[in-house]
file model-v3.txt (compact mmCIF, C-alpha atoms)
# COMPACT_ATOMS: atom_id res chain seq x y z
CA MET A 1 -101.67 8.05 -9.04
CA LYS A 2 -100.08 9.93 -6.12
CA LYS A 3 -97.63 7.06 -5.58
CA PHE A 4 -96.70 7.18 -9.25
CA THR A 5 -96.21 10.97 -9.11
CA LYS A 6 -93.98 10.70 -6.02
CA LEU A 7 -91.94 7.92 -7.66
CA PHE A 8 -91.55 9.96 -10.84
CA LEU A 9 -90.41 13.04 -8.91
CA ALA A 10 -87.96 10.93 -6.90
CA LEU A 11 -86.45 9.56 -10.12
CA ILE A 12 -86.10 13.07 -11.56
CA ALA A 13 -84.44 14.30 -8.37
CA GLY A 14 -82.04 11.34 -8.43
CA LEU A 15 -81.07 12.01 -12.03
CA PHE A 16 -80.53 15.68 -11.20
CA LEU A 17 -78.18 14.78 -8.34
CA VAL A 18 -76.22 12.37 -10.56
CA THR A 19 -75.88 15.06 -13.22
CA LEU A 20 -74.66 17.59 -10.65
CA THR A 21 -72.13 15.10 -9.29
CA ALA A 22 -70.84 14.30 -12.79
CA CYS A 23 -70.53 17.96 -13.67
CA GLY A 24 -68.76 18.71 -10.43
CA SER A 25 -66.25 15.90 -10.88
CA SER A 26 -65.50 16.79 -14.51
CA SER A 27 -64.87 20.42 -13.64
CA THR A 28 -62.35 19.52 -10.95
CA LYS A 29 -60.70 16.57 -12.68
CA THR A 30 -57.36 17.22 -14.34
CA ASP A 31 -55.99 14.83 -16.94
CA ASP A 32 -52.77 13.20 -15.85
CA THR A 33 -51.30 11.80 -19.04
CA TRP A 34 -48.07 10.65 -17.39
CA LYS A 35 -49.89 8.32 -14.98
CA GLN A 36 -51.90 6.88 -17.88
CA VAL A 37 -48.74 6.39 -19.93
CA GLU A 38 -46.90 4.87 -16.99
CA LYS A 39 -49.73 2.40 -16.48
CA SER A 40 -50.19 1.41 -20.14
CA LYS A 41 -46.44 1.47 -20.90
CA THR A 42 -47.18 3.19 -24.23
CA ILE A 43 -47.32 6.78 -25.43
CA THR A 44 -48.62 8.16 -28.73
CA ILE A 45 -46.53 10.84 -30.43
CA GLY A 46 -47.78 12.79 -33.44
CA PHE A 47 -45.40 13.60 -36.29
CA ASP A 48 -45.27 14.65 -39.93
CA ASN A 49 -43.91 11.53 -41.61
CA THR A 50 -42.36 13.55 -44.46
CA PHE A 51 -40.17 15.77 -42.26
CA VAL A 52 -36.67 14.54 -43.12
CA PRO A 53 -34.45 14.19 -41.09
CA MET A 54 -36.48 14.81 -37.91
CA GLY A 55 -39.11 12.12 -38.40
CA PHE A 56 -40.18 10.42 -41.62
CA LYS A 57 -41.41 7.21 -43.19
CA ASP A 58 -38.54 5.52 -44.99
CA LYS A 59 -38.78 3.58 -48.25
CA ASP A 60 -38.99 0.33 -46.31
CA GLY A 61 -42.03 1.63 -44.40
CA THR A 62 -40.27 2.18 -41.06
CA ASN A 63 -40.28 5.45 -39.14
CA LYS A 64 -36.83 7.00 -38.92
CA GLY A 65 -35.22 10.29 -37.99
CA PHE A 66 -33.47 12.28 -35.30
CA ASP A 67 -36.61 12.91 -33.26
CA ILE A 68 -37.69 9.29 -33.66
CA ASP A 69 -34.40 8.05 -32.19
CA LEU A 70 -34.40 10.72 -29.49
CA ALA A 71 -37.96 10.14 -28.27
CA ASP A 72 -37.56 6.35 -28.41
CA ALA A 73 -34.41 6.64 -26.26
CA VAL A 74 -36.10 8.95 -23.74
CA PHE A 75 -39.08 6.68 -23.19
CA LYS A 76 -37.04 3.49 -23.29
CA SER A 77 -35.37 4.74 -20.11
CA TYR A 78 -38.83 4.73 -18.50
CA GLY A 79 -39.77 1.32 -19.91
CA ILE A 80 -42.36 2.91 -22.21
CA LYS A 81 -42.90 2.11 -25.90
CA VAL A 82 -43.62 4.93 -28.37
CA LYS A 83 -46.45 4.61 -30.87
CA TRP A 84 -45.71 6.99 -33.76
CA GLN A 85 -48.87 8.52 -35.22
CA PRO A 86 -48.64 10.33 -38.59
CA ILE A 87 -50.71 13.53 -38.56
CA THR A 88 -51.56 16.42 -40.83
CA TRP A 89 -49.14 19.06 -39.58
CA SER A 90 -51.59 21.95 -39.84
CA LEU A 91 -53.91 20.07 -37.41
CA LYS A 92 -51.25 19.06 -34.85
CA GLU A 93 -52.53 21.15 -31.92
CA GLN A 94 -56.10 19.98 -32.57
CA GLU A 95 -54.98 16.34 -32.62
CA LEU A 96 -53.27 16.95 -29.27
CA LYS A 97 -56.28 18.71 -27.75
CA ASN A 98 -58.64 15.95 -28.92
CA GLY A 99 -56.50 13.30 -27.24
CA ASN A 100 -55.56 11.50 -30.45
CA ILE A 101 -51.88 12.00 -29.56
CA ASP A 102 -50.06 12.64 -26.28
CA LEU A 103 -47.15 14.72 -27.60
CA ILE A 104 -46.03 16.67 -30.67
CA TRP A 105 -42.38 15.79 -31.26
CA ASN A 106 -41.11 16.41 -34.77
CA GLY A 107 -39.03 19.52 -35.34
CA TYR A 108 -41.75 21.46 -33.50
CA SER A 109 -40.69 25.10 -33.23
CA LYS A 110 -41.36 26.91 -29.96
CA THR A 111 -43.16 30.19 -30.68
CA PRO A 112 -45.13 32.62 -28.48
CA GLU A 113 -48.33 31.79 -30.39
CA ARG A 114 -47.92 28.06 -29.84
CA GLU A 115 -47.13 28.58 -26.16
CA LYS A 116 -50.74 29.71 -25.78
CA LEU A 117 -51.89 26.29 -27.04
CA VAL A 118 -49.45 23.76 -25.58
CA THR A 119 -47.09 23.12 -22.70
CA PHE A 120 -43.54 23.11 -24.10
CA SER A 121 -40.51 21.18 -22.96
CA ASP A 122 -37.09 22.77 -22.69
CA THR A 123 -35.58 23.43 -26.11
CA TYR A 124 -33.24 20.73 -27.38
CA MET A 125 -32.18 22.15 -30.76
CA ASP A 126 -31.89 25.55 -32.42
CA GLY A 127 -33.87 26.34 -35.54
CA GLY A 128 -33.69 28.83 -38.37
CA THR A 129 -35.50 29.77 -41.57
CA ILE A 130 -34.04 29.94 -45.06
CA LEU A 131 -35.47 30.74 -48.47
CA LEU A 132 -34.83 28.29 -51.31
CA THR A 133 -34.74 29.55 -54.89
CA LYS A 134 -33.62 27.98 -58.16
CA LYS A 135 -29.98 28.61 -58.95
CA SER A 136 -30.96 29.95 -62.38
CA SER A 137 -33.32 32.54 -60.85
CA ASN A 138 -30.43 34.68 -59.54
CA ILE A 139 -32.52 35.37 -56.43
CA THR A 140 -29.94 35.42 -53.66
CA THR A 141 -31.22 38.05 -51.21
CA VAL A 142 -34.51 39.00 -49.59
CA GLU A 143 -34.53 42.21 -51.67
CA ASP A 144 -34.52 40.09 -54.83
CA MET A 145 -37.94 38.71 -53.82
CA LYS A 146 -39.69 42.03 -54.50
CA GLY A 147 -42.74 41.27 -56.64
CA LYS A 148 -41.93 37.53 -56.62
CA THR A 149 -44.01 34.58 -55.44
CA VAL A 150 -43.27 32.47 -52.38
CA GLY A 151 -44.53 29.24 -50.79
CA VAL A 152 -44.46 27.48 -47.41
CA GLN A 153 -45.70 24.33 -45.67
CA SER A 154 -49.12 24.85 -44.13
CA GLY A 155 -49.11 25.02 -40.34
CA SER A 156 -45.35 25.58 -40.12
CA SER A 157 -43.60 28.16 -37.97
CA GLN A 158 -42.35 29.72 -41.22
CA TYR A 159 -45.94 30.44 -42.24
CA GLN A 160 -46.55 32.03 -38.88
CA SER A 161 -43.39 34.16 -39.11
CA PHE A 162 -44.29 35.29 -42.62
CA ASN A 163 -47.54 36.78 -41.30
CA ASP A 164 -46.32 37.94 -37.89
CA GLN A 165 -43.26 39.76 -39.22
CA PRO A 166 -44.54 41.19 -42.54
CA GLU A 167 -41.82 43.83 -42.79
CA ILE A 168 -39.21 41.15 -43.51
CA LEU A 169 -40.75 39.48 -46.57
CA LYS A 170 -44.55 39.63 -46.80
CA ASN A 171 -44.76 43.33 -47.67
CA MET A 172 -42.53 42.93 -50.72
CA VAL A 173 -43.74 39.72 -52.41
CA SER A 174 -46.45 39.57 -55.05
CA GLY A 175 -49.91 40.14 -53.56
CA ASN A 176 -48.41 40.22 -50.06
CA SER A 177 -49.45 36.58 -49.88
CA ILE A 178 -47.94 33.10 -49.75
CA SER A 179 -48.90 29.74 -51.30
CA GLN A 180 -49.41 26.93 -48.79
CA TYR A 181 -48.47 23.28 -49.33
CA SER A 182 -49.27 20.13 -47.38
CA THR A 183 -45.63 19.02 -47.58
CA PHE A 184 -42.22 20.55 -48.22
CA GLU A 185 -41.76 18.32 -51.28
CA GLN A 186 -44.86 19.76 -52.96
CA GLY A 187 -43.54 23.29 -52.52
CA LEU A 188 -40.06 22.34 -53.72
CA LEU A 189 -41.56 20.81 -56.86
CA ASP A 190 -43.29 24.10 -57.63
CA VAL A 191 -39.97 25.94 -57.19
CA LYS A 192 -38.31 23.50 -59.61
CA ASN A 193 -41.10 23.95 -62.16
CA GLY A 194 -41.17 27.74 -61.83
CA ARG A 195 -44.66 27.98 -60.40
CA ILE A 196 -43.28 29.89 -57.41
CA ASP A 197 -40.00 31.77 -57.04
CA GLY A 198 -39.04 30.84 -53.49
CA LEU A 199 -39.87 28.47 -50.64
CA LEU A 200 -39.62 29.27 -46.92
CA VAL A 201 -38.38 26.27 -44.97
CA ASP A 202 -36.52 25.19 -41.85
CA SER A 203 -32.77 25.22 -42.53
CA VAL A 204 -32.10 21.80 -40.95
CA TYR A 205 -34.77 20.13 -43.05
CA ALA A 206 -33.82 21.80 -46.33
CA ASN A 207 -30.08 21.25 -46.04
CA TYR A 208 -30.45 17.58 -45.14
CA TYR A 209 -33.06 16.90 -47.84
CA LEU A 210 -31.08 18.56 -50.64
CA LYS A 211 -27.87 16.82 -49.60
CA GLN A 212 -29.53 13.41 -49.64
CA ALA A 213 -31.14 14.14 -53.01
CA ASN A 214 -27.82 15.41 -54.38
CA GLU A 215 -29.55 18.68 -55.34
CA THR A 216 -27.64 21.15 -53.14
CA ASN A 217 -26.03 22.84 -56.16
CA ASP A 218 -29.38 23.30 -57.90
CA PHE A 219 -30.64 25.87 -55.41
CA ASN A 220 -29.71 29.12 -53.74
CA ASN A 221 -30.51 29.29 -50.06
CA PHE A 222 -30.16 32.25 -47.75
CA LYS A 223 -31.19 33.03 -44.20
CA ILE A 224 -34.36 34.97 -43.47
CA ASN A 225 -34.02 37.06 -40.32
CA TYR A 226 -37.16 35.95 -38.56
CA GLU A 227 -36.97 35.58 -34.79
CA ASP A 228 -35.33 32.27 -33.93
CA SER A 229 -37.73 29.42 -33.17
CA PRO A 230 -35.87 26.68 -31.28
CA MET A 231 -37.29 23.17 -31.27
CA ALA A 232 -39.12 21.64 -28.33
CA VAL A 233 -41.72 19.00 -27.46
CA GLY A 234 -45.39 19.98 -27.06
CA ALA A 235 -47.92 18.51 -24.62
CA ARG A 236 -51.46 19.42 -23.64
CA LYS A 237 -51.85 22.46 -21.43
CA GLY A 238 -51.28 21.46 -17.83
CA ASP A 239 -49.48 18.21 -18.64
CA THR A 240 -46.52 19.36 -16.57
CA GLU A 241 -45.55 15.96 -15.14
CA LEU A 242 -45.24 14.46 -18.61
CA ILE A 243 -43.11 17.39 -19.78
CA ASP A 244 -40.95 17.12 -16.64
CA LYS A 245 -40.28 13.48 -17.56
CA VAL A 246 -39.39 14.48 -21.14
CA ASN A 247 -36.99 17.17 -19.87
CA ALA A 248 -35.36 14.77 -17.42
CA GLY A 249 -35.07 12.09 -20.10
CA ILE A 250 -33.37 14.41 -22.59
CA LYS A 251 -31.01 15.75 -19.92
CA LYS A 252 -30.02 12.19 -19.02
CA LEU A 253 -29.19 11.48 -22.68
CA VAL A 254 -27.15 14.69 -22.89
CA ASP A 255 -25.23 13.84 -19.70
CA ASN A 256 -24.43 10.24 -20.71
CA GLY A 257 -23.43 11.16 -24.28
CA GLU A 258 -26.31 9.35 -26.00
CA PHE A 259 -27.81 12.61 -27.31
CA ALA A 260 -24.50 13.45 -29.01
CA LYS A 261 -24.38 9.99 -30.63
CA ILE A 262 -27.91 10.29 -32.00
CA SER A 263 -27.17 13.83 -33.18
CA ASP A 264 -23.93 12.81 -34.90
CA LYS A 265 -25.76 10.00 -36.70
CA TRP A 266 -28.13 12.46 -38.37
CA PHE A 267 -26.19 15.73 -38.57
CA GLY A 268 -22.53 14.86 -38.17
CA LYS A 269 -22.34 17.06 -35.08
CA ASP A 270 -23.91 17.67 -31.68
CA VAL A 271 -26.90 19.98 -32.15
CA TYR A 272 -27.78 20.41 -28.46
CA PRO A 273 -27.91 24.16 -27.66
CA THR A 274 -24.83 25.34 -25.80
CA LYS A 275 -26.11 28.76 -24.78

call {"tool": "encode", "arguments": {"input": "model-v3.txt", "output": "structure tokens"}}
result
Amino acid sequence: MKKFTKLFLALIAGLFLVTLTACGSSSTKTDDTWKQVEKSKTITIGFDNTFVPMGFKDKDGTNKGFDIDLADAVFKSYGIKVKWQPITWSLKEQELKNGNIDLIWNGYSKTPEREKLVTFSDTYMDGGTILLTKKSSNITTVEDMKGKTVGVQSGSSQYQSFNDQPEILKNMVSGNSISQYSTFEQGLLDVKNGRIDGLLVDSVYANYYLKQANETNDFNNFKINYEDSPMAVGARKGDTELIDKVNAGIKKLVDNGEFAKISDKWFGKDVYPTK
């Protein structure tokens, strides 16, 4: 019996030491995504596959867009293949934190709130917010939105700006509230059908979408003076080596003229920030 008791206590002590060792190693270990990516030769990037022209699923089922071409070119220079993972945009930071994706790269606006959640790359494109209204509504200024209804894509920087800077629009619209949509197209449909009066959206996205749909003349659009939210790439907190590689890759494309070519393909001009 004594031998059994001693053996049992020895086993318990051994398990305790293993547990302590595991806890100690996990507390000091830091994830190094770049080394994992470099070894596997693949990286998973999360994107909203409806966000024309930044990254979207085309009619033929392929992923296309400015950010698609840009990220593919950056990682091609490192001999790494990109796996594009469609995600629900409102859950993007959670998908990143959970390790389901390695980067957020899809017209991702750099804001102070998001900087608390992710490590951002250098900005590679300026952004801005506009309000879309039906041409027949005669709503052409922010003041015209008094008592009106407004919508936005859930999880977007526009939704964040609406709440963070209420003096610009929130305080004047009906109920001081905003309708949220999973996609831009859903919100635009409600504008068309008169269910809401206006839709907050990124200017690049809206202008490209309406031009391609030949609907530019059907809508008013005017700038909303929220603080500018330039676009950048987001990685997990502390993933500095990966972000350094992204920054270096983009700079290389800028220097050799490839960035300008990709930009011209989608926008007819070079969108790299000059300031």

call {"tool": "closest_residue", "arguments": {"input": "model-v3.txt", "among": "A:Phe47, A:Gly65, A:Asn221, A:Thr133", "to": "A:Gly187", "atoms": "all atoms listed in the file"}}
result
A:Thr133

call {"tool": "atom_distance", "arguments": {"input": "model-v3.txt", "atom1": "atom CA of A:Thr149", "atom2": "atom CA of A:Ile178"}}
result
7.1 Å

call {"tool": "residues_near_point", "arguments": {"input": "model-v3.txt", "point": "(-45.4, 37.4, -37.0)", "cutoff": "12 Å", "atoms": "only C-alpha atoms", "output": "list in words"}}
result
Thr111, Pro112, Glu113, Ser157, Gln158, Tyr159, Gln160, Ser161, Phe162, Asn163, Asp164, Gln165, Pro166, Glu167, Ile168, Leu169, Lys170, Asn225, Tyr226, Glu227, Asp228 and Ser229 of chain A

call {"tool": "closest_residue", "arguments": {"input": "model-v3.txt", "among": "A:Tyr124, A:Tyr209, A:Tyr272, A:Phe259", "to": "A:Pro53", "atoms": "all atoms listed in the file"}}
result
A:Tyr209

call {"tool": "residues_around", "arguments": {"input": "model-v3.txt", "residues": "A:Tyr181", "least_positions_apart": "5", "cutoff": "12 Å", "atoms": "only C-alpha atoms", "output": "PyMOL selection string"}}
result
chain A and resi 88-90+150-156+159+186-191+196+199-201
